[in-house]
file data21.txt (compact mmCIF, C-alpha atoms and all ligand atoms)
# COMPACT_ATOMS: atom_id res chain seq x y z
CA MET D 1 -50.22 -8.39 28.02
CA PRO D 2 -47.61 -8.46 30.79
CA GLY D 3 -45.87 -11.76 31.42
CA GLU D 4 -47.04 -13.48 28.27
CA LEU D 5 -44.40 -14.31 25.69
CA THR D 6 -45.65 -14.99 22.22
CA ASP D 7 -44.38 -14.59 18.71
CA GLU D 8 -47.25 -12.18 18.06
CA THR D 9 -45.43 -9.53 20.05
CA PRO D 10 -41.91 -10.52 19.10
CA ALA D 11 -40.40 -7.06 19.34
CA GLY D 12 -41.51 -6.73 22.92
CA SER D 13 -41.08 -10.25 24.20
CA THR D 14 -38.56 -10.51 26.98
CA ILE D 15 -35.51 -12.77 26.72
CA GLY D 16 -35.31 -12.98 30.50
CA ASP D 17 -37.18 -16.21 31.23
CA LEU D 18 -35.85 -17.98 28.19
CA ALA D 19 -32.30 -17.15 29.23
CA LYS D 20 -32.72 -19.07 32.50
CA ALA D 21 -33.36 -22.27 30.58
CA PRO D 22 -30.46 -24.70 30.06
CA GLY D 23 -30.65 -24.25 26.31
CA PRO D 24 -29.76 -21.28 24.15
CA THR D 25 -31.01 -17.74 24.70
CA LYS D 26 -33.58 -16.59 22.18
CA VAL D 27 -33.90 -12.98 21.12
CA PRO D 28 -36.85 -11.80 18.99
CA ALA D 29 -35.57 -11.04 15.49
CA ALA D 30 -38.03 -8.17 15.15
CA ARG D 31 -35.94 -6.12 17.55
CA TYR D 32 -33.60 -5.66 14.60
CA THR D 33 -36.16 -4.87 11.93
CA SER D 34 -39.33 -3.48 13.45
CA PRO D 35 -40.10 0.25 13.11
CA GLU D 36 -42.14 -0.03 16.34
CA PHE D 37 -39.14 -1.34 18.24
CA ALA D 38 -36.92 1.38 16.79
CA ALA D 39 -39.54 3.93 17.86
CA LEU D 40 -39.45 2.50 21.38
CA GLU D 41 -35.66 2.87 21.42
CA LEU D 42 -36.03 6.45 20.28
CA GLU D 43 -38.52 7.15 23.03
CA ARG D 44 -36.96 5.26 25.93
CA LEU D 45 -33.31 4.53 25.23
CA TRP D 46 -31.53 7.28 23.32
CA PRO D 47 -32.93 10.26 25.29
CA HIS D 48 -31.84 8.65 28.58
CA VAL D 49 -28.56 6.82 28.02
CA TRP D 50 -24.95 7.99 28.03
CA GLN D 51 -23.45 7.85 24.54
CA VAL D 52 -20.14 8.81 22.99
CA ALA D 53 -20.57 12.07 21.09
CA CYS D 54 -17.01 12.92 19.98
CA THR D 55 -13.57 13.28 21.56
CA ILE D 56 -11.96 16.05 23.58
CA ASP D 57 -9.74 16.67 20.55
CA HIS D 58 -12.82 17.80 18.60
CA VAL D 59 -13.66 20.41 21.21
CA ARG D 60 -10.24 21.21 22.59
CA ASP D 61 -10.21 25.02 22.63
CA PRO D 62 -12.73 27.74 23.54
CA GLY D 63 -15.06 28.27 20.58
CA ASP D 64 -14.69 24.69 19.26
CA TRP D 65 -18.02 23.04 18.50
CA TYR D 66 -19.28 19.68 17.26
CA GLU D 67 -22.69 18.36 16.29
CA TYR D 68 -23.44 14.78 17.39
CA THR D 69 -26.42 13.01 15.85
CA CYS D 70 -28.24 9.84 16.86
CA GLY D 71 -31.20 9.15 14.57
CA PRO D 72 -33.26 12.38 14.59
CA LEU D 73 -31.64 13.59 17.82
CA SER D 74 -28.93 16.21 17.51
CA VAL D 75 -26.69 17.54 20.27
CA LEU D 76 -24.39 20.52 20.03
CA LEU D 77 -21.15 20.39 22.03
CA VAL D 78 -19.43 23.71 22.63
CA ARG D 79 -16.29 24.69 24.54
CA GLY D 80 -17.09 28.01 26.19
CA GLN D 81 -14.84 31.03 26.59
CA ASP D 82 -14.53 29.86 30.22
CA SER D 83 -13.05 26.58 28.83
CA LYS D 84 -16.03 24.64 30.11
CA LEU D 85 -17.44 22.00 27.77
CA ARG D 86 -21.23 22.12 27.49
CA ALA D 87 -23.83 20.26 25.48
CA PHE D 88 -27.17 21.56 24.23
CA GLN D 89 -30.06 20.16 22.26
CA ASN D 90 -29.44 21.49 18.77
CA VAL D 91 -32.58 23.54 18.48
CA CYS D 92 -33.56 27.20 18.44
CA ARG D 93 -36.12 28.15 21.05
CA HIS D 94 -37.93 30.51 18.71
CA ARG D 95 -39.47 28.17 16.14
CA GLY D 96 -37.27 25.13 16.40
CA ASN D 97 -34.73 25.68 13.67
CA GLU D 98 -31.62 23.54 13.91
CA LEU D 99 -28.83 25.77 15.22
CA CYS D 100 -25.63 24.23 13.84
CA ALA D 101 -24.58 21.45 11.49
CA GLY D 102 -21.19 19.78 11.33
CA SER D 103 -18.29 21.06 13.42
CA GLY D 104 -15.98 24.02 13.60
CA THR D 105 -13.79 26.36 15.59
CA GLY D 106 -13.83 29.99 16.65
CA MET D 107 -17.48 30.17 17.66
CA THR D 108 -18.19 33.27 19.76
CA GLU D 109 -21.97 33.03 19.91
CA ILE D 110 -24.68 30.55 18.98
CA ARG D 111 -26.86 32.35 16.47
CA CYS D 112 -29.86 30.87 14.70
CA ASN D 113 -29.68 31.68 11.00
CA TYR D 114 -33.47 31.82 10.56
CA HIS D 115 -34.47 34.94 12.53
CA ARG D 116 -31.13 35.48 14.28
CA TRP D 117 -31.93 34.79 17.92
CA CYS D 118 -28.57 34.53 19.62
CA TRP D 119 -27.16 32.77 22.74
CA ASP D 120 -23.75 32.99 24.39
CA LEU D 121 -21.63 29.84 24.61
CA SER D 122 -23.03 29.07 28.05
CA GLY D 123 -26.48 28.78 26.46
CA ARG D 124 -27.93 32.05 27.77
CA LEU D 125 -30.14 33.98 25.39
CA ARG D 126 -28.72 37.39 24.72
CA GLU D 127 -30.30 38.81 21.58
CA VAL D 128 -33.76 38.70 19.96
CA PRO D 129 -34.26 40.87 16.86
CA SER D 130 -37.41 43.04 17.05
CA ARG D 131 -37.87 41.90 20.62
CA LYS D 132 -40.78 44.27 21.28
CA GLY D 133 -43.07 42.24 19.04
CA PHE D 134 -42.95 39.37 21.53
CA GLY D 135 -44.21 41.48 24.42
CA ALA D 136 -42.54 40.52 27.69
CA LEU D 137 -39.80 38.00 26.86
CA ARG D 138 -37.07 37.51 29.43
CA ASN D 139 -33.67 36.15 28.38
CA ASP D 140 -33.55 33.98 31.49
CA ASP D 141 -36.67 32.13 30.36
CA TYR D 142 -35.12 31.00 27.08
CA PRO D 143 -31.77 29.31 27.67
CA LEU D 144 -30.77 26.53 25.28
CA PHE D 145 -31.84 23.07 26.49
CA GLU D 146 -28.78 21.70 28.23
CA ALA D 147 -27.59 18.07 28.22
CA GLN D 148 -25.14 16.31 30.53
CA VAL D 149 -21.51 15.98 29.41
CA GLY D 150 -18.79 13.70 30.72
CA THR D 151 -15.41 12.41 29.60
CA TRP D 152 -13.46 9.18 29.91
CA GLY D 153 -9.95 9.35 28.46
CA PRO D 154 -10.31 11.08 25.09
CA LEU D 155 -14.00 10.19 24.72
CA VAL D 156 -16.74 12.79 25.27
CA PHE D 157 -20.12 11.41 26.32
CA VAL D 158 -23.49 13.13 26.40
CA ASN D 159 -26.78 12.29 28.03
CA LEU D 160 -29.94 14.21 27.18
CA ASP D 161 -31.48 13.19 30.50
CA LEU D 162 -30.49 15.69 33.18
CA ASP D 163 -31.64 13.23 35.86
CA ALA D 164 -29.48 10.36 34.63
CA GLU D 165 -26.74 9.01 36.87
CA PRO D 166 -23.26 10.53 36.46
CA LEU D 167 -21.12 9.07 33.67
CA GLU D 168 -18.59 7.54 36.10
CA GLU D 169 -21.38 5.61 37.79
CA PHE D 170 -22.89 4.54 34.48
CA LEU D 171 -19.57 3.22 33.13
CA SER D 172 -18.67 1.33 36.32
CA PRO D 173 -16.59 -0.84 36.54
CA VAL D 174 -15.06 -0.13 33.14
CA ILE D 175 -13.17 3.02 34.12
CA ASP D 176 -11.37 1.30 37.00
CA ASP D 177 -10.80 -1.90 35.05
CA ALA D 178 -9.25 -0.01 32.12
CA ALA D 179 -7.12 2.34 34.21
CA PHE D 180 -3.99 0.28 33.41
CA LEU D 181 -4.49 1.26 29.76
CA ARG D 182 -3.86 4.91 30.68
CA PRO D 183 -6.64 6.32 28.48
CA ASP D 184 -5.63 9.90 29.30
CA GLU D 185 -2.51 9.40 27.14
CA LEU D 186 -4.62 8.81 24.02
CA ALA D 187 -5.59 11.51 21.51
CA CYS D 188 -8.03 11.27 18.62
CA ARG D 189 -6.67 11.56 15.07
CA ALA D 190 -9.76 10.59 13.08
CA ILE D 191 -13.34 9.42 13.09
CA VAL D 192 -14.09 7.24 10.08
CA THR D 193 -17.82 6.88 9.45
CA VAL D 194 -19.32 4.20 7.22
CA PRO D 195 -23.09 4.24 6.57
CA LEU D 196 -24.26 0.62 6.65
CA PRO D 197 -27.47 -1.13 5.57
CA CYS D 198 -28.11 -2.77 8.92
CA ASN D 199 -29.62 -2.08 12.33
CA TRP D 200 -27.30 -0.43 14.86
CA LYS D 201 -27.52 -3.59 16.99
CA THR D 202 -26.63 -5.86 14.07
CA GLY D 203 -23.56 -3.66 13.67
CA ILE D 204 -22.38 -3.61 17.28
CA ASP D 205 -23.20 -7.32 17.74
CA ALA D 206 -20.43 -8.08 15.22
CA PHE D 207 -18.02 -6.51 17.72
CA SER D 208 -19.45 -8.32 20.73
CA GLU D 209 -18.38 -11.93 20.13
CA THR D 210 -15.43 -13.87 18.68
CA TYR D 211 -17.56 -16.82 17.60
CA HIS D 212 -17.49 -15.44 14.06
CA VAL D 213 -13.68 -15.48 13.81
CA GLN D 214 -13.89 -19.10 12.53
CA GLY D 215 -16.63 -17.92 10.13
CA ILE D 216 -15.50 -14.78 8.37
CA HIS D 217 -12.00 -14.08 9.77
CA ARG D 218 -10.38 -17.48 9.27
CA GLN D 219 -7.04 -15.86 8.47
CA MET D 220 -6.84 -14.93 12.18
CA LEU D 221 -7.05 -18.51 13.47
CA CYS D 222 -3.31 -19.24 13.38
CA SER D 223 -2.50 -16.25 15.61
CA THR D 224 -5.54 -15.87 17.88
CA ASP D 225 -7.14 -17.83 20.67
CA ASP D 226 -10.75 -17.18 19.73
CA VAL D 227 -12.14 -19.83 22.09
CA ASN D 228 -10.63 -19.36 25.54
CA SER D 229 -10.46 -15.58 25.49
CA PRO D 230 -11.64 -14.45 28.93
CA GLN D 231 -14.86 -12.45 28.96
CA ALA D 232 -16.14 -10.28 31.80
CA ASP D 233 -19.88 -10.08 32.14
CA TRP D 234 -20.73 -7.10 34.31
CA PRO D 235 -24.34 -6.06 34.89
CA ARG D 236 -24.27 -3.38 32.21
CA HIS D 237 -21.01 -3.70 30.29
CA GLY D 238 -18.60 -6.43 29.23
CA LYS D 239 -15.03 -7.15 28.30
CA LEU D 240 -12.98 -9.52 26.17
CA GLY D 241 -9.27 -10.19 26.53
CA GLN D 242 -7.99 -11.62 23.26
CA PRO D 243 -4.56 -13.28 23.25
CA TYR D 244 -2.49 -13.00 20.07
CA GLY D 245 0.55 -14.99 18.96
CA ILE D 246 -0.95 -18.39 19.74
CA PRO D 247 -3.11 -20.53 17.46
CA SER D 248 -6.80 -21.15 17.90
CA PRO D 249 -7.64 -24.35 19.80
CA ARG D 250 -9.93 -25.04 16.85
CA LEU D 251 -6.85 -25.95 14.80
CA ARG D 252 -6.35 -29.59 15.65
CA ASP D 253 -2.67 -29.59 14.67
CA GLY D 254 -1.89 -26.15 16.06
CA ALA D 255 0.22 -23.85 13.88
CA THR D 256 3.91 -23.48 13.13
CA ASP D 257 5.73 -20.30 14.09
CA ASP D 258 5.78 -19.34 10.41
CA GLU D 259 2.01 -19.76 10.26
CA ILE D 260 1.52 -17.75 13.46
CA TRP D 261 3.70 -14.95 12.08
CA ALA D 262 1.98 -14.95 8.67
CA SER D 263 -1.45 -14.83 10.31
CA PHE D 264 -0.43 -11.98 12.62
CA VAL D 265 1.05 -10.00 9.72
CA ALA D 266 -2.05 -10.63 7.57
CA THR D 267 -4.32 -9.15 10.22
CA GLN D 268 -2.30 -6.63 12.25
CA GLY D 269 1.31 -6.68 11.06
CA ALA D 270 1.63 -2.90 11.05
CA ARG D 271 1.68 -3.04 14.85
CA ALA D 272 4.93 -5.01 14.69
CA GLY D 273 6.56 -3.08 11.82
CA ALA D 274 5.41 -5.54 9.13
CA PRO D 275 2.86 -3.53 7.18
CA ASP D 276 2.43 -5.71 4.06
CA PRO D 277 -0.26 -8.26 4.88
CA ASP D 278 0.56 -10.37 1.83
CA ASN D 279 4.33 -10.60 2.39
CA PRO D 280 5.13 -11.63 5.95
CA GLY D 281 8.61 -12.88 5.15
CA PRO D 282 10.32 -15.19 7.63
CA VAL D 283 9.74 -14.97 11.38
CA PRO D 284 12.06 -12.20 12.66
CA GLU D 285 15.11 -13.39 14.55
CA ARG D 286 14.33 -14.16 18.15
CA HIS D 287 16.33 -13.32 21.21
CA ASP D 288 17.23 -16.11 23.61
CA GLY D 289 14.17 -17.57 25.26
CA GLU D 290 11.65 -15.53 23.29
CA SER D 291 8.33 -17.18 22.51
CA MET D 292 6.23 -16.00 19.60
CA ARG D 293 4.20 -13.90 22.07
CA THR D 294 7.21 -12.22 23.65
CA LEU D 295 8.73 -11.70 20.19
CA LEU D 296 5.56 -9.89 19.14
CA ALA D 297 5.62 -7.82 22.32
CA ARG D 298 9.20 -6.74 21.60
CA LEU D 299 8.46 -5.88 17.96
CA ILE D 300 5.41 -3.86 18.98
CA ARG D 301 7.45 -2.02 21.61
CA GLU D 302 10.17 -1.29 19.02
CA LYS D 303 7.68 -0.06 16.45
CA SER D 304 6.01 2.22 19.00
CA ALA D 305 9.39 3.46 20.26
CA SER D 306 10.31 4.40 16.66
CA GLU D 307 7.31 6.76 16.81
CA GLY D 308 8.31 8.12 20.21
CA VAL D 309 5.67 6.11 22.07
CA ASP D 310 6.92 4.36 25.19
CA LEU D 311 5.11 1.16 26.15
CA GLY D 312 7.36 0.56 29.15
CA ALA D 313 4.42 0.78 31.53
CA PHE D 314 2.88 -2.40 30.09
CA THR D 315 3.70 -6.07 30.56
CA ASP D 316 4.45 -8.19 27.49
CA GLU D 317 0.98 -9.72 27.64
CA GLN D 318 -0.63 -6.32 27.85
CA VAL D 319 1.38 -5.21 24.82
CA THR D 320 0.62 -8.22 22.63
CA ASP D 321 -3.05 -8.72 23.43
CA LEU D 322 -6.35 -6.98 22.75
CA HIS D 323 -8.38 -5.43 25.56
CA GLN D 324 -11.89 -4.93 24.25
CA TYR D 325 -14.77 -3.44 26.22
CA ASN D 326 -18.43 -3.41 25.28
CA CYS D 327 -20.26 -0.51 26.88
CA PHE D 328 -24.02 -0.42 26.73
CA PRO D 329 -25.60 0.36 24.40
CA ASN D 330 -23.59 1.02 21.27
CA ILE D 331 -19.84 1.32 21.73
CA SER D 332 -16.92 -1.06 21.89
CA PRO D 333 -13.72 0.63 23.02
CA VAL D 334 -10.99 -1.66 21.65
CA PHE D 335 -7.66 -1.03 23.36
CA LEU D 336 -4.22 -2.11 22.32
CA ALA D 337 -1.26 -0.90 24.36
CA GLU D 338 -0.48 1.62 21.64
CA SER D 339 -3.98 2.80 20.72
CA LEU D 340 -7.71 2.88 21.22
CA SER D 341 -10.21 2.27 18.43
CA CYS D 342 -13.64 3.01 19.77
CA ILE D 343 -16.24 1.35 17.57
CA ARG D 344 -19.68 2.91 17.70
CA THR D 345 -22.91 2.31 15.82
CA ARG D 346 -25.65 4.92 15.67
CA PRO D 347 -29.19 4.47 14.38
CA GLY D 348 -29.95 5.90 10.97
CA THR D 349 -33.37 6.84 9.62
CA THR D 350 -34.85 3.33 9.53
CA PRO D 351 -34.28 0.09 11.51
CA ASP D 352 -32.32 -1.13 8.48
CA ASP D 353 -29.59 1.47 8.46
CA CYS D 354 -26.99 2.79 10.81
CA TYR D 355 -23.66 4.55 10.93
CA LEU D 356 -20.55 2.65 11.95
CA ASP D 357 -17.92 4.99 13.39
CA ILE D 358 -14.34 4.09 14.15
CA ILE D 359 -12.90 6.63 16.55
CA SER D 360 -9.15 6.29 16.25
CA CYS D 361 -6.97 7.40 19.18
CA PRO D 362 -3.26 6.52 19.15
CA ARG D 363 -1.14 6.87 22.28
CA LEU D 364 0.71 10.16 22.51
CA PRO D 365 4.52 10.19 22.43
CA ALA D 366 6.15 10.14 25.85
CA GLY D 367 6.37 13.62 27.31
CA ALA D 368 4.13 15.15 24.62
CA THR D 369 3.38 18.74 25.54
CA ASP D 370 0.33 19.04 23.32
CA ARG D 371 -2.21 16.65 21.87
CA GLY D 372 -1.01 16.98 18.26
CA PRO D 373 -3.02 17.66 15.13
CA ARG D 374 -6.78 17.92 15.23
CA PRO D 375 -8.83 14.89 14.18
CA ILE D 376 -9.80 14.45 10.56
CA ASP D 377 -13.33 13.09 10.18
CA VAL D 378 -14.26 11.27 6.98
CA THR D 379 -17.28 9.37 5.69
CA LEU D 380 -16.56 6.39 3.45
CA ASP D 381 -18.78 4.32 1.21
CA ALA D 382 -19.33 0.78 2.51
CA GLU D 383 -18.78 -0.72 -0.93
CA THR D 384 -15.38 0.86 -1.49
CA ALA D 385 -14.02 1.55 2.01
CA ASP D 386 -10.75 -0.25 2.75
CA LEU D 387 -10.34 -0.45 6.51
CA GLY D 388 -8.04 -3.47 6.57
CA ALA D 389 -8.86 -7.11 5.99
CA VAL D 390 -10.69 -7.83 9.23
CA PHE D 391 -12.90 -4.72 9.23
CA ASN D 392 -13.60 -5.21 5.53
CA GLN D 393 -14.86 -8.72 6.24
CA ASP D 394 -17.09 -7.46 9.07
CA ILE D 395 -18.56 -4.70 6.93
CA ALA D 396 -19.12 -6.94 3.92
CA ASN D 397 -21.10 -9.37 6.06
CA LEU D 398 -23.36 -6.90 7.84
CA ARG D 399 -25.61 -6.39 4.80
CA ARG D 400 -26.23 -10.14 4.71
CA ALA D 401 -26.79 -10.29 8.47
CA GLN D 402 -29.52 -7.65 8.22
CA ARG D 403 -31.26 -9.00 5.10
CA GLY D 404 -31.56 -12.43 6.65
CA LEU D 405 -33.26 -11.00 9.73
CA HIS D 406 -36.28 -10.07 7.59
CA GLN D 407 -37.05 -13.61 6.49
CA LEU D 408 -40.36 -14.84 7.81
CA GLY D 409 -39.24 -18.13 9.34
CA LEU D 410 -36.71 -16.47 11.59
CA THR D 411 -38.71 -15.38 14.62
CA HIS D 412 -35.74 -15.47 17.01
CA LEU D 413 -31.96 -15.31 17.08
CA THR D 414 -30.43 -18.23 18.99
CA LEU D 415 -27.51 -17.22 21.17
CA SER D 416 -24.73 -19.16 22.85
CA ARG D 417 -22.99 -18.33 26.10
CA GLU D 418 -20.05 -17.32 23.90
CA GLU D 419 -22.33 -14.52 22.74
CA ARG D 420 -23.07 -13.35 26.28
CA ARG D 421 -22.15 -9.75 25.50
CA ILE D 422 -24.99 -9.66 22.97
CA ILE D 423 -27.32 -11.20 25.55
CA SER D 424 -26.23 -8.48 27.98
CA LEU D 425 -27.08 -5.80 25.43
CA HIS D 426 -30.60 -7.17 25.19
CA ARG D 427 -31.09 -7.51 28.94
CA ASN D 428 -30.10 -3.89 29.45
CA LEU D 429 -32.20 -2.81 26.49
CA GLU D 430 -35.20 -4.46 28.11
CA ARG D 431 -34.56 -2.47 31.28
CA TYR D 432 -34.47 0.84 29.43
CA LEU D 433 -37.46 0.00 27.25
CA GLY D 434 -39.50 -1.33 30.17
CA ILE D 435 -40.30 -4.67 28.58
CA GLN D 436 -39.28 -7.09 31.32
CA ASP D 437 -42.87 -8.18 31.59
CA GLY D 438 -43.83 -8.28 27.98
CA PHE D 439 -44.70 -5.58 25.48
CA PRO D 440 -45.30 -2.25 27.22
CA GLU D 441 -48.83 -1.00 27.54
S1 LIG U 501 -36.27 29.72 14.42
FE1 LIG U 501 -34.45 30.43 15.28
S2 LIG U 501 -34.65 32.56 15.30
FE2 LIG U 501 -36.47 31.85 14.45
FE FE U 502 -15.36 -9.38 13.07
call {"tool": "encode", "arguments": {"input": "data21.txt", "output": "structure tokens", "more": "lines below"}}
Ligand code: FES
Ligand SMILES: [Fe+2]
result
Amino acid sequence: MPGELTDETPAGSTIGDLAKAPGPTKVPAARYTSPEFAALELERLWPHVWQVACTIDHVRDPGDWYEYTCGPLSVLLVRGQDSKLRAFQNVCRHRGNELCAGSGTGMTEIRCNYHRWCWDLSGRLREVPSRKGFGALRNDDYPLFEAQVGTWGPLVFVNLDLDAEPLEEFLSPVIDDAAFLRPDELACRAIVTVPLPCNWKTGIDAFSETYHVQGIHRQMLCSTDDVNSPQADWPRHGKLGQPYGIPSPRLRDGATDDEIWASFVATQGARAGAPDPDNPGPVPERHDGESMRTLLARLIREKSASEGVDLGAFTDEQVTDLHQYNCFPNISPVFLAESLSCIRTRPGTTPDDCYLDIISCPRLPAGATDRGPRPIDVTLDAETADLGAVFNQDIANLRRAQRGLHQLGLTHLTLSREERRIISLHRNLERYLGIQDGFPE
């Protein structure tokens, strides 16, 4: 019933009108739990939106291939002998067998294992065993189903919709805004995947606001301004700049330099050459006129220089601070001067499970002539994974966040302006799902 907002159609109710009110923004909780809503996403979002599939380091050389999955959808990325990167729906055009699983190198043809139909790496059919039995069957009529491919820095994106806008247009203005971070100097070393018992949105929401720092990451408060961090709110994507080396305004009495240092070391000391989170030691000796922030910038520069990485192109603020983007629908590229960690959540088989991926891309040493070792991809168990204190706290909480969403009294989430990047996710989701005017017919 277009235009009517009721709790009887919570998964399809729009947040639009409610968001114009002076109070909080309300988002139907069923969007996170309902199989119908997940089905709508599968029909209207995932087949039409740009999404990160892997990195160029996974498909660096001719014959390299990688399977990207998103719920039941599977896309095969292949670097052809002509060095062109292509993407195909991972399906055989004979009877629909899945063509490839996992990733690999040295592929010279794409051959279905079932009855051995075979395509070249550009997706052109070239061999059909016992072809005569099919009557007239022309190779040109049976290419693999192609998908769009694009890259930004080390990240490879795919879009199953051949009519979708180009990637550069879709990501605007993120590519220009992040140009100072020189993403082309980053190379992937690993993708760490953690299956989680929560909706993909529950997962990415935890990387879309800093309101929860004073909830589950309290050890960060002495070294992080979690309140005044500037956020950009673009029509489709968003950004957070998070200053480090200063205490949270929530701390009435501020923090001593020792407390700032201990908090920084507890949460990200390895950046500054202090890898033991439990033993910060005293604040390192400061040069004349150095503040805690400029001290951190120098230590981070020195640590990176010891690994051959030159951060000379960045200001002290750019070196010390976090530059986090949120790109619709499911990634958060988190930049530091010395690295990119692209956080991604992908739907699993039900609305209550997803995969959290951390795509780890350090900056290459100055003057590097090649991109270094190939990425190592691992899947870790959520119960035992140790991804550092802050990530561990996020992961531990996501199970609770999802279980609570099922409780009957909770018809809506109530969002603050501090959580505007989550609100933006829902506004854009409504556009893709076609539910601006209520539940779709
Ligand atoms: S299903 Fe692939 S060759 Fe038959
Ligand atoms: Fe967090």
call {"tool": "residues_near_ligand", "arguments": {"input": "data21.txt", "ligand": "ligand LIG 501 (chain U)", "cutoff": "12 Å", "atoms": "all atoms listed in the file", "output": "MDAnalysis selection string"}}
result
chainID D and resid 90:100 110:119 125 127:131 142 144
call {"tool": "residues_around", "arguments": {"input": "data21.txt", "residues": "Pro230 (chain D)", "least_positions_apart": "3", "cutoff": "9 Å", "atoms": "all atoms listed in the file", "output": "list in words"}}
result
Val227, Lys239, Leu240, Gly241 and Gln242 of chain D
call {"tool": "closest_residue", "arguments": {"input": "data21.txt", "among": "D:Thr369, D:Asn330, D:Asn397, D:Asn279", "to": "ligand FE 502 (chain U)", "atoms": "only C-alpha atoms and all ligand atoms"}}
result
D:Asn397
call {"tool": "closest_residue", "arguments": {"input": "data21.txt", "among": "D:Ala206, D:Leu429, D:Gly372, D:Asp316", "to": "ligand FE 502 (chain U)", "atoms": "only C-alpha atoms and all ligand atoms"}}
result
D:Ala206
call {"tool": "closest_atom_pairs", "arguments": {"input": "data21.txt", "of": "region 129-243 of chain D", "to": "region 375-380 of chain D", "cutoff": "8 Å", "atoms": "all atoms listed in the file", "output": "CSV"}}
result
residue,atom,partner,partner_atom,distance
D:Cys188,CA,D:Pro375,CA,5.8
D:Arg189,CA,D:Pro375,CA,4.1
D:Ala190,CA,D:Pro375,CA,4.5
D:Ile191,CA,D:Asp377,CA,4.7
D:Val192,CA,D:Val378,CA,5.1
D:Thr193,CA,D:Thr379,CA,4.5
D:Val194,CA,D:Leu380,CA,5.2
D:Pro195,CA,D:Leu380,CA,7.5
call {"tool": "residues_near_ligand", "arguments": {"input": "data21.txt", "ligand": "ligand FE 502 (chain U)", "cutoff": "7 Å", "atoms": "only C-alpha atoms and all ligand atoms", "output": "PyMOL selection string"}}
result
chain D and resi 206-207+212-213+217+390-391+393-394
call {"tool": "closest_residue", "arguments": {"input": "data21.txt", "among": "D:Gly281, D:Gly71, D:Pro365, D:Pro333", "to": "Leu181 (chain D)", "atoms": "all atoms listed in the file"}}
result
D:Pro333
call {"tool": "residues_around", "arguments": {"input": "data21.txt", "residues": "Glu185 (chain D)", "least_positions_apart": "5", "cutoff": "9 Å", "atoms": "only C-alpha atoms", "output": "list in words"}}
result
Gly153, Pro154, Pro362, Arg363, Leu364, Pro365, Ala366 and Arg371 of chain D
call {"tool": "closest_residue", "arguments": {"input": "data21.txt", "among": "D:Thr224, D:Pro235, D:Arg252, D:Val49", "to": "Arg293 (chain D)", "atoms": "all atoms listed in the file"}}
result
D:Thr224
call {"tool": "atom_distance", "arguments": {"input": "data21.txt", "atom1": "CA of Gly63 (chain D)", "atom2": "CA of Trp50 (chain D)"}}
result
23.8 Å
call {"tool": "residues_near_point", "arguments": {"input": "data21.txt", "point": "(-13.8, -4.9, 23.1)", "cutoff": "9 Å", "atoms": "all atoms listed in the file", "output": "list in words"}}
result
Phe207, Ser208, Glu209, Gly238, Lys239, Leu240, Gly241, Gln242, Leu322, His323, Gln324, Tyr325, Asn326, Cys327, Ile331, Ser332, Pro333, Val334, Phe335, Cys342 and Ile343 of chain D
call {"tool": "residues_around", "arguments": {"input": "data21.txt", "residues": "region 155-168 of chain D", "least_positions_apart": "4", "cutoff": "8 Å", "atoms": "only C-alpha atoms", "output": "list in words"}}
result
Pro47, His48, Val49, Trp50, Gln51, Val52, Ala53, Cys54, Thr55, Ile56, Ala87, Gln89, Glu146, Ala147, Gln148, Val149, Gly150, Thr151, Ser172 and Ile175 of chain D
call {"tool": "closest_residue", "arguments": {"input": "data21.txt", "among": "D:Asp205, D:Asp233, D:Asp276, D:Asp64", "to": "Arg344 (chain D)", "atoms": "only C-alpha atoms"}}
result
D:Asp205
call {"tool": "atom_distance", "arguments": {"input": "data21.txt", "atom1": "CA of Asp353 (chain D)", "atom2": "CA of Leu398 (chain D)"}}
result
10.5 Å
call {"tool": "closest_residue", "arguments": {"input": "data21.txt", "among": "D:Asp225, D:Gly80, D:Pro275, D:Asp357", "to": "Ile395 (chain D)", "atoms": "only C-alpha atoms"}}
result
D:Asp357
call {"tool": "axis_aligned_box", "arguments": {"input": "data21.txt", "around": "region 267-284 of chain D", "padding_each_side": "8 Å", "output": "AutoDock Vina command-line options"}}
result
--center_x 3.9 --center_y -9.0 --center_z 8.3 --size_x 32.4 --size_y 28.3 --size_z 29.0
call {"tool": "residues_near_point", "arguments": {"input": "data21.txt", "point": "(1.4, -15.6, 11.8)", "cutoff": "9 Å", "atoms": "all atoms listed in the file", "output": "ChimeraX atom specification"}}
result
/D:220,222-223,245-247,255-267,269,280,283
